[in-house]
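This report concerns only the one structure given below.
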Amino acid sequence: RIVAFSPLGKTRSVAMSKRCNHHGQCSCAWEAKERDIDHGGTLYSCVDRDKVMGLNESKKGSAKNCIKPYDERKDTKKVVRSIDGDGELIIFVPFTVQVKFKSFSVIGGDEGSAPNGVKIWKNRDDIDFDNAEDITCDQEFKLAVDSDGSIQYPVRISKFQNVSSLTFFFTGNYDDDTTQINYLGLKGEVTKNKRSIVVATYEARALESDHKKLADQHVSRGIQ
């Protein structure tokens, strides 16, 4: 098993006009209706992109490929894919400042490889495939197929204050052996200028566990 790892203001967004009947923290996007919602501005410039990490990525260091400017969102040359035969993918996104996270958008791959669900944690440096099912996420979403990043998924802002990092666990895809993410767009606003210590802790743990999680990016997750 491999465990390797716009300016601010009111933007034109997509709101979910219909919810599923799931319980708990699930938020499903079944139908989209466009309207004006203030989700803040893009957080791209606040991401510590060189420290973005992935678990179960098919190519080491490729997780950062999906963190890109909005006008490059349709670029399919730089993407992140999960290991063949395994649709799960975890992406850790640290920020250089503390932010208030408000919404996100996802563009997936073609032919069924687009992700169909995601769990999100804030300020957790320890989420992996061994504990992701045991640690309650801050919010969970069902994802719709979105080819141009027009669907915005609003989060519960009360749960995403003072965010120094986000962890996204993409739990599967629509109909493929591999999950592909072309673009992960994050929106919100800056709240503080100092990065939380959790980022440094995450980096230290990643280095200490290189032999467990980051040493071999190309071994099947099924191999013990």
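Residue numbering restarts at 1 in every chain; chains get A, B, ... in the order shown in the structure tokens, and ligands count up from 1 in that same order.
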
Which neighbours of Glu88 of chain A fall inside 12 Å, counting only C-alpha atoms, when residues of the same chain fewer than 6 positions from it are skipped, and could you give them as a PDB file with N, CA, C and O atoms, in the first residue's frame?
```pdb
ATOM      1  N   ARG A   1       0.843  -1.194   0.000  1.00  0.00           N
ATOM      2  CA  ARG A   1       0.000   0.000   0.000  1.00  0.00           C
ATOM      3  C   ARG A   1       0.876   1.240   0.000  1.00  0.00           C
ATOM      4  O   ARG A   1       1.750   1.382   0.839  1.00  0.00           O
ATOM      5  N   ILE A   2       0.626   2.135  -0.909  1.00  0.00           N
ATOM      6  CA  ILE A   2       1.415   3.359  -0.950  1.00  0.00           C
ATOM      7  C   ILE A   2       0.730   4.451  -0.157  1.00  0.00           C
ATOM      8  O   ILE A   2      -0.464   4.629  -0.222  1.00  0.00           O
ATOM      9  N   VAL A   3       1.480   5.093   0.703  1.00  0.00           N
ATOM     10  CA  VAL A   3       0.955   6.228   1.449  1.00  0.00           C
ATOM     11  C   VAL A   3       1.899   7.392   1.292  1.00  0.00           C
ATOM     12  O   VAL A   3       2.262   8.067   2.229  1.00  0.00           O
ATOM     13  N   GLY A  54       0.965  14.977  -1.527  1.00  0.00           N
ATOM     14  CA  GLY A  54      -0.081  14.033  -1.880  1.00  0.00           C
ATOM     15  C   GLY A  54       0.212  12.639  -1.375  1.00  0.00           C
ATOM     16  O   GLY A  54       1.373  12.230  -1.280  1.00  0.00           O
ATOM     17  N   LEU A  55      -0.826  11.915  -1.044  1.00  0.00           N
ATOM     18  CA  LEU A  55      -0.737  10.497  -0.705  1.00  0.00           C
ATOM     19  C   LEU A  55      -1.447   9.700  -1.788  1.00  0.00           C
ATOM     20  O   LEU A  55      -2.571  10.026  -2.168  1.00  0.00           O
ATOM     21  N   ASN A  56      -0.762   8.687  -2.275  1.00  0.00           N
ATOM     22  CA  ASN A  56      -1.276   7.811  -3.332  1.00  0.00           C
ATOM     23  C   ASN A  56      -1.251   8.476  -4.712  1.00  0.00           C
ATOM     24  O   ASN A  56      -1.974   8.065  -5.613  1.00  0.00           O
ATOM     25  N   GLU A  57      -0.437   9.494  -4.882  1.00  0.00           N
ATOM     26  CA  GLU A  57      -0.271  10.122  -6.187  1.00  0.00           C
ATOM     27  C   GLU A  57       0.574   9.223  -7.075  1.00  0.00           C
ATOM     28  O   GLU A  57       1.504   8.556  -6.619  1.00  0.00           O
ATOM     29  N   SER A  58       0.248   9.178  -8.356  1.00  0.00           N
ATOM     30  CA  SER A  58       0.961   8.278  -9.268  1.00  0.00           C
ATOM     31  C   SER A  58       2.372   8.760  -9.562  1.00  0.00           C
ATOM     32  O   SER A  58       3.252   7.963  -9.866  1.00  0.00           O
ATOM     33  N   VAL A  80      -2.885  15.930 -11.270  1.00  0.00           N
ATOM     34  CA  VAL A  80      -2.477  14.896 -10.325  1.00  0.00           C
ATOM     35  C   VAL A  80      -3.412  13.702 -10.510  1.00  0.00           C
ATOM     36  O   VAL A  80      -4.620  13.866 -10.667  1.00  0.00           O
ATOM     37  N   ARG A  81      -2.841  12.516 -10.519  1.00  0.00           N
ATOM     38  CA  ARG A  81      -3.609  11.275 -10.664  1.00  0.00           C
ATOM     39  C   ARG A  81      -3.270  10.336  -9.519  1.00  0.00           C
ATOM     40  O   ARG A  81      -2.135  10.318  -9.029  1.00  0.00           O
ATOM     41  N   SER A  82      -4.237   9.542  -9.131  1.00  0.00           N
ATOM     42  CA  SER A  82      -3.981   8.500  -8.143  1.00  0.00           C
ATOM     43  C   SER A  82      -3.311   7.307  -8.825  1.00  0.00           C
ATOM     44  O   SER A  82      -3.263   7.219 -10.053  1.00  0.00           O
ATOM     45  N   SER A 113     -12.963   9.672 -14.573  1.00  0.00           N
ATOM     46  CA  SER A 113     -11.898   9.807 -13.571  1.00  0.00           C
ATOM     47  C   SER A 113     -12.095  11.002 -12.651  1.00  0.00           C
ATOM     48  O   SER A 113     -11.291  11.214 -11.730  1.00  0.00           O
ATOM     49  N   ALA A 114     -13.141  11.796 -12.869  1.00  0.00           N
ATOM     50  CA  ALA A 114     -13.407  12.932 -11.994  1.00  0.00           C
ATOM     51  C   ALA A 114     -13.801  12.443 -10.601  1.00  0.00           C
ATOM     52  O   ALA A 114     -14.528  11.457 -10.459  1.00  0.00           O
ATOM     53  N   PRO A 115     -13.343  13.097  -9.539  1.00  0.00           N
ATOM     54  CA  PRO A 115     -13.692  12.663  -8.184  1.00  0.00           C
ATOM     55  C   PRO A 115     -15.174  12.850  -7.905  1.00  0.00           C
ATOM     56  O   PRO A 115     -15.794  13.796  -8.375  1.00  0.00           O
ATOM     57  N   ASN A 116     -15.742  11.932  -7.126  1.00  0.00           N
ATOM     58  CA  ASN A 116     -17.172  12.015  -6.820  1.00  0.00           C
ATOM     59  C   ASN A 116     -17.456  12.328  -5.356  1.00  0.00           C
ATOM     60  O   ASN A 116     -18.619  12.457  -4.966  1.00  0.00           O
ATOM     61  N   GLY A 117     -16.420  12.456  -4.556  1.00  0.00           N
ATOM     62  CA  GLY A 117     -16.620  12.783  -3.152  1.00  0.00           C
ATOM     63  C   GLY A 117     -15.342  13.250  -2.499  1.00  0.00           C
ATOM     64  O   GLY A 117     -14.240  12.864  -2.914  1.00  0.00           O
ATOM     65  N   VAL A 118     -15.462  14.099  -1.465  1.00  0.00           N
ATOM     66  CA  VAL A 118     -14.275  14.589  -0.764  1.00  0.00           C
ATOM     67  C   VAL A 118     -14.611  14.860   0.699  1.00  0.00           C
ATOM     68  O   VAL A 118     -15.710  15.292   1.042  1.00  0.00           O
ATOM     69  N   LYS A 119     -13.648  14.558   1.565  1.00  0.00           N
ATOM     70  CA  LYS A 119     -13.718  14.919   2.976  1.00  0.00           C
ATOM     71  C   LYS A 119     -12.624  15.963   3.232  1.00  0.00           C
ATOM     72  O   LYS A 119     -11.522  15.838   2.694  1.00  0.00           O
ATOM     73  N   ASP A 128      -4.048  10.275   7.028  1.00  0.00           N
ATOM     74  CA  ASP A 128      -3.562   9.339   6.016  1.00  0.00           C
ATOM     75  C   ASP A 128      -4.625   8.268   5.818  1.00  0.00           C
ATOM     76  O   ASP A 128      -5.711   8.345   6.384  1.00  0.00           O
ATOM     77  N   PHE A 129      -4.299   7.257   5.029  1.00  0.00           N
ATOM     78  CA  PHE A 129      -5.310   6.243   4.717  1.00  0.00           C
ATOM     79  C   PHE A 129      -5.581   5.314   5.893  1.00  0.00           C
ATOM     80  O   PHE A 129      -6.592   4.598   5.891  1.00  0.00           O
ATOM     81  N   ALA A 132      -8.069   8.052   8.159  1.00  0.00           N
ATOM     82  CA  ALA A 132      -9.044   8.961   7.553  1.00  0.00           C
ATOM     83  C   ALA A 132     -10.494   8.560   7.848  1.00  0.00           C
ATOM     84  O   ALA A 132     -11.371   9.420   7.938  1.00  0.00           O
ATOM     85  N   PHE A 168      -7.507  17.388   1.927  1.00  0.00           N
ATOM     86  CA  PHE A 168      -8.619  16.913   1.095  1.00  0.00           C
ATOM     87  C   PHE A 168      -8.439  15.413   0.846  1.00  0.00           C
ATOM     88  O   PHE A 168      -7.415  14.991   0.309  1.00  0.00           O
ATOM     89  N   PHE A 169      -9.425  14.630   1.225  1.00  0.00           N
ATOM     90  CA  PHE A 169      -9.419  13.194   0.954  1.00  0.00           C
ATOM     91  C   PHE A 169     -10.476  12.910  -0.107  1.00  0.00           C
ATOM     92  O   PHE A 169     -11.667  12.891   0.173  1.00  0.00           O
ATOM     93  N   PHE A 170     -10.018  12.718  -1.346  1.00  0.00           N
ATOM     94  CA  PHE A 170     -10.913  12.372  -2.448  1.00  0.00           C
ATOM     95  C   PHE A 170     -11.138  10.861  -2.388  1.00  0.00           C
ATOM     96  O   PHE A 170     -10.206  10.076  -2.557  1.00  0.00           O
ATOM     97  N   THR A 171     -12.377  10.493  -2.132  1.00  0.00           N
ATOM     98  CA  THR A 171     -12.677   9.112  -1.758  1.00  0.00           C
ATOM     99  C   THR A 171     -12.929   8.167  -2.926  1.00  0.00           C
ATOM    100  O   THR A 171     -13.050   6.959  -2.719  1.00  0.00           O
ATOM    101  N   GLY A 172     -13.030   8.690  -4.139  1.00  0.00           N
ATOM    102  CA  GLY A 172     -13.257   7.834  -5.299  1.00  0.00           C
ATOM    103  C   GLY A 172     -13.626   8.673  -6.504  1.00  0.00           C
ATOM    104  O   GLY A 172     -13.549   9.900  -6.485  1.00  0.00           O
ATOM    105  N   ASN A 173     -14.030   7.987  -7.569  1.00  0.00           N
ATOM    106  CA  ASN A 173     -14.402   8.691  -8.794  1.00  0.00           C
ATOM    107  C   ASN A 173     -15.667   8.083  -9.379  1.00  0.00           C
ATOM    108  O   ASN A 173     -16.267   7.177  -8.795  1.00  0.00           O
ATOM    109  N   TYR A 174     -16.055   8.570 -10.548  1.00  0.00           N
ATOM    110  CA  TYR A 174     -17.315   8.132 -11.143  1.00  0.00           C
ATOM    111  C   TYR A 174     -17.229   6.775 -11.820  1.00  0.00           C
ATOM    112  O   TYR A 174     -18.125   5.950 -11.672  1.00  0.00           O
ATOM    113  N   ASP A 176     -13.712   4.926 -13.061  1.00  0.00           N
ATOM    114  CA  ASP A 176     -12.369   4.733 -13.607  1.00  0.00           C
ATOM    115  C   ASP A 176     -11.504   4.090 -12.540  1.00  0.00           C
ATOM    116  O   ASP A 176     -11.825   4.105 -11.352  1.00  0.00           O
ATOM    117  N   ASP A 177     -10.382   3.521 -12.972  1.00  0.00           N
ATOM    118  CA  ASP A 177      -9.429   2.934 -12.036  1.00  0.00           C
ATOM    119  C   ASP A 177      -8.553   3.992 -11.384  1.00  0.00           C
ATOM    120  O   ASP A 177      -7.875   3.715 -10.389  1.00  0.00           O
ATOM    121  N   THR A 178      -8.546   5.191 -11.956  1.00  0.00           N
ATOM    122  CA  THR A 178      -7.693   6.268 -11.467  1.00  0.00           C
ATOM    123  C   THR A 178      -8.506   7.545 -11.301  1.00  0.00           C
ATOM    124  O   THR A 178      -9.343   7.866 -12.142  1.00  0.00           O
ATOM    125  N   THR A 179      -8.264   8.252 -10.209  1.00  0.00           N
ATOM    126  CA  THR A 179      -8.877   9.564 -10.008  1.00  0.00           C
ATOM    127  C   THR A 179      -7.908  10.637 -10.498  1.00  0.00           C
ATOM    128  O   THR A 179      -6.719  10.607 -10.165  1.00  0.00           O
ATOM    129  N   GLN A 180      -8.418  11.567 -11.287  1.00  0.00           N
ATOM    130  CA  GLN A 180      -7.592  12.658 -11.809  1.00  0.00           C
ATOM    131  C   GLN A 180      -8.197  13.998 -11.401  1.00  0.00           C
ATOM    132  O   GLN A 180      -9.393  14.225 -11.539  1.00  0.00           O
ATOM    133  N   ILE A 181      -7.326  14.884 -10.919  1.00  0.00           N
ATOM    134  CA  ILE A 181      -7.754  16.233 -10.550  1.00  0.00           C
ATOM    135  C   ILE A 181      -6.904  17.227 -11.326  1.00  0.00           C
ATOM    136  O   ILE A 181      -5.674  17.249 -11.202  1.00  0.00           O
ATOM    137  N   ARG A 221      -0.605   0.081  -3.469  1.00  0.00           N
ATOM    138  CA  ARG A 221      -1.108   0.157  -2.098  1.00  0.00           C
ATOM    139  C   ARG A 221      -1.523  -1.221  -1.585  1.00  0.00           C
ATOM    140  O   ARG A 221      -1.692  -1.405  -0.399  1.00  0.00           O
TER     141      ARG A 221
END
```

For segment 157-162 of chain A, please output as a PDB file with C-alpha atoms, in the first residue's frame all residues within 10 Å (counting only C-alpha atoms; exclusion window: fewer than 5 positions along the same chain).
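After the write, part-v6.pdb holds the following:
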```pdb
ATOM      1  CA  HIS A  39     -17.096  33.649  -1.293  1.00  0.00           C
ATOM      2  CA  VAL A  97      -0.836  32.905   6.285  1.00  0.00           C
ATOM      3  CA  GLN A  98      -3.942  32.069   8.270  1.00  0.00           C
ATOM      4  CA  VAL A  99      -7.102  32.280   6.209  1.00  0.00           C
ATOM      5  CA  LYS A 100     -10.861  32.032   6.469  1.00  0.00           C
ATOM      6  CA  PHE A 101     -11.791  29.268   4.013  1.00  0.00           C
ATOM      7  CA  LYS A 102     -15.150  29.895   2.312  1.00  0.00           C
ATOM      8  CA  SER A 103     -15.540  27.694  -0.764  1.00  0.00           C
ATOM      9  CA  TRP A 121     -10.061  18.663   7.513  1.00  0.00           C
ATOM     10  CA  LYS A 122      -8.531  21.931   8.663  1.00  0.00           C
ATOM     11  CA  ASN A 123      -5.217  22.206  10.537  1.00  0.00           C
ATOM     12  CA  ASP A 138     -14.857  19.047   9.315  1.00  0.00           C
ATOM     13  CA  GLN A 139     -17.094  18.686   6.262  1.00  0.00           C
ATOM     14  CA  GLY A 188     -11.734  32.868   1.195  1.00  0.00           C
ATOM     15  CA  GLU A 189      -9.866  35.704   2.846  1.00  0.00           C
ATOM     16  CA  VAL A 190      -6.706  36.312   4.858  1.00  0.00           C
ATOM     17  CA  THR A 191      -7.220  36.549   8.618  1.00  0.00           C
ATOM     18  CA  LYS A 192      -3.684  36.608  10.050  1.00  0.00           C
ATOM     19  CA  ARG A 195       1.474  30.818   9.684  1.00  0.00           C
ATOM     20  CA  SER A 196       0.389  28.348  12.313  1.00  0.00           C
TER      21      SER A 196
END
```

Could you list, as a list in words, every residue within 7 Å of Pro94 of chain A, counting only C-alpha atoms and ignoring same-chain residues fewer than 5 positions away? Val47, Asp48, Lys51, Val52, Ser164, Ser165, Leu166 and Val199 of chain A

Restrict the selected residues to all heavy atoms and save them as a CSV table (one decimal), in the first residue's frame.
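selection11.csv, freshly written:
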```
chain,number,residue,atom,x,y,z
A,47,VAL,N,-1.3,30.0,-0.8
A,47,VAL,CA,-0.9,28.6,-0.7
A,47,VAL,C,0.7,28.5,-0.7
A,47,VAL,O,1.3,29.1,-1.6
A,47,VAL,CB,-1.5,27.7,-1.8
A,47,VAL,CG1,-0.9,26.3,-1.8
A,47,VAL,CG2,-3.0,27.7,-1.7
A,48,ASP,N,1.2,27.7,0.2
A,48,ASP,CA,2.6,27.4,0.2
A,48,ASP,C,2.8,26.2,-0.8
A,48,ASP,O,3.0,25.1,-0.4
A,48,ASP,CB,3.1,27.0,1.6
A,48,ASP,CG,4.6,27.1,1.7
A,48,ASP,OD1,5.3,27.2,0.7
A,48,ASP,OD2,5.1,27.1,2.9
A,51,LYS,N,5.1,23.2,-0.7
A,51,LYS,CA,4.9,22.2,0.4
A,51,LYS,C,3.6,21.4,0.3
A,51,LYS,O,3.3,20.7,1.2
A,51,LYS,CB,5.1,22.9,1.7
A,51,LYS,CG,6.5,23.5,2.0
A,51,LYS,CD,6.5,24.1,3.3
A,51,LYS,CE,8.0,24.6,3.6
A,51,LYS,NZ,8.4,25.7,2.8
A,52,VAL,N,2.9,21.6,-0.8
A,52,VAL,CA,1.7,20.8,-1.1
A,52,VAL,C,2.2,19.3,-1.2
A,52,VAL,O,3.1,19.1,-2.0
A,52,VAL,CB,1.0,21.3,-2.3
A,52,VAL,CG1,-0.2,20.3,-2.7
A,52,VAL,CG2,0.4,22.7,-2.1
A,164,SER,N,-4.7,27.2,8.8
A,164,SER,CA,-3.3,27.3,8.3
A,164,SER,C,-3.0,26.1,7.3
A,164,SER,O,-2.0,26.2,6.7
A,164,SER,CB,-2.4,27.2,9.5
A,164,SER,OG,-2.6,26.0,10.3
A,165,SER,N,-3.9,25.2,7.3
A,165,SER,CA,-3.7,24.1,6.3
A,165,SER,C,-5.1,23.4,6.1
A,165,SER,O,-5.9,23.4,6.9
A,165,SER,CB,-2.7,23.1,6.7
A,165,SER,OG,-3.1,22.3,7.8
A,166,LEU,N,-5.2,22.8,4.9
A,166,LEU,CA,-6.4,22.0,4.6
A,166,LEU,C,-6.0,20.6,4.0
A,166,LEU,O,-5.0,20.5,3.3
A,166,LEU,CB,-7.3,22.7,3.5
A,166,LEU,CG,-8.0,24.0,3.9
A,166,LEU,CD1,-8.5,24.7,2.7
A,166,LEU,CD2,-9.1,23.7,4.9
A,199,VAL,N,2.0,23.7,10.4
A,199,VAL,CA,2.7,23.5,9.1
A,199,VAL,C,4.0,22.9,9.4
A,199,VAL,O,4.5,21.9,8.8
A,199,VAL,CB,2.7,24.7,8.2
A,199,VAL,CG1,3.5,24.5,7.0
A,199,VAL,CG2,1.4,25.2,7.9
```

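Our summary of the geometry notes that atom CA of Cys66 of chain A is positioned 21.6 Å from atom CA of Cys137 of chain A.
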
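Listed by chain and then by rising number, the residues of segment 35-210 of chain A that DSSP assigns to alpha helix (DSSP H) from the backbone are Ile197, Val198, Val199, Ala200, Thr201, Tyr202, Glu203, Ala204, Arg205, Ala206, Leu207 and Glu208 of chain A.
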
Export, as a PDB file, in the first residue's frame, the selected residues with N, CA and C atoms.
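So part-v7.pdb came out as:
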```
ATOM      1  N   ILE A 197       1.882  26.978  13.623  1.00  0.00           N
ATOM      2  CA  ILE A 197       2.959  26.013  13.851  1.00  0.00           C
ATOM      3  C   ILE A 197       2.623  24.649  13.268  1.00  0.00           C
ATOM      4  N   VAL A 198       1.328  24.381  12.995  1.00  0.00           N
ATOM      5  CA  VAL A 198       0.936  23.070  12.477  1.00  0.00           C
ATOM      6  C   VAL A 198       1.636  22.734  11.176  1.00  0.00           C
ATOM      7  N   VAL A 199       1.985  23.735  10.361  1.00  0.00           N
ATOM      8  CA  VAL A 199       2.662  23.462   9.099  1.00  0.00           C
ATOM      9  C   VAL A 199       4.047  22.904   9.353  1.00  0.00           C
ATOM     10  N   ALA A 200       4.782  23.530  10.301  1.00  0.00           N
ATOM     11  CA  ALA A 200       6.126  23.055  10.624  1.00  0.00           C
ATOM     12  C   ALA A 200       6.057  21.656  11.204  1.00  0.00           C
ATOM     13  N   THR A 201       5.038  21.400  12.028  1.00  0.00           N
ATOM     14  CA  THR A 201       4.873  20.067  12.603  1.00  0.00           C
ATOM     15  C   THR A 201       4.629  19.040  11.516  1.00  0.00           C
ATOM     16  N   TYR A 202       3.816  19.380  10.546  1.00  0.00           N
ATOM     17  CA  TYR A 202       3.523  18.470   9.433  1.00  0.00           C
ATOM     18  C   TYR A 202       4.786  18.126   8.673  1.00  0.00           C
ATOM     19  N   GLU A 203       5.620  19.129   8.397  1.00  0.00           N
ATOM     20  CA  GLU A 203       6.838  18.884   7.645  1.00  0.00           C
ATOM     21  C   GLU A 203       7.779  17.977   8.420  1.00  0.00           C
ATOM     22  N   ALA A 204       7.856  18.209   9.740  1.00  0.00           N
ATOM     23  CA  ALA A 204       8.746  17.393  10.550  1.00  0.00           C
ATOM     24  C   ALA A 204       8.287  15.952  10.559  1.00  0.00           C
ATOM     25  N   ARG A 205       7.008  15.735  10.688  1.00  0.00           N
ATOM     26  CA  ARG A 205       6.498  14.367  10.696  1.00  0.00           C
ATOM     27  C   ARG A 205       6.690  13.690   9.353  1.00  0.00           C
ATOM     28  N   ALA A 206       6.513  14.445   8.298  1.00  0.00           N
ATOM     29  CA  ALA A 206       6.697  13.858   6.971  1.00  0.00           C
ATOM     30  C   ALA A 206       8.131  13.385   6.792  1.00  0.00           C
ATOM     31  N   LEU A 207       9.106  14.171   7.312  1.00  0.00           N
ATOM     32  CA  LEU A 207      10.505  13.791   7.170  1.00  0.00           C
ATOM     33  C   LEU A 207      10.816  12.563   8.013  1.00  0.00           C
ATOM     34  N   GLU A 208      10.257  12.521   9.245  1.00  0.00           N
ATOM     35  CA  GLU A 208      10.535  11.404  10.124  1.00  0.00           C
ATOM     36  C   GLU A 208       9.926  10.101   9.604  1.00  0.00           C
TER      37      GLU A 208
END
```

How many Å separate atom CA of Arg124 of chain A from atom CA of Thr167 of chain A?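 These atoms are spaced 7.0 Å apart.
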
So that I can check the secondary structure, give me every residue of segment 17-206 of chain A assigned strand (DSSP E or B) by backbone DSSP, as a ChimeraX atom specification. /A:26-28,32-37,41-42,47,53-55,57,80-82,89-108,115-122,139-142,153-154,163-173,180-192

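Distance annotation: of A:Cys46, A:Ile67, A:Val155, A:Met53, the residue with the minimal separation from Val106 of chain A is A:Ile67; atom set is only C-alpha atoms.
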
Distance in Å - atom CA of Asp146 of chain A versus atom CA of Ile107 of chain A: 5.5 Å

Of the residues A:Asp71, A:Lys59, A:Leu186, A:Lys64, which is the one nearest to Ile83 of chain A, using only C-alpha atoms? A:Lys59
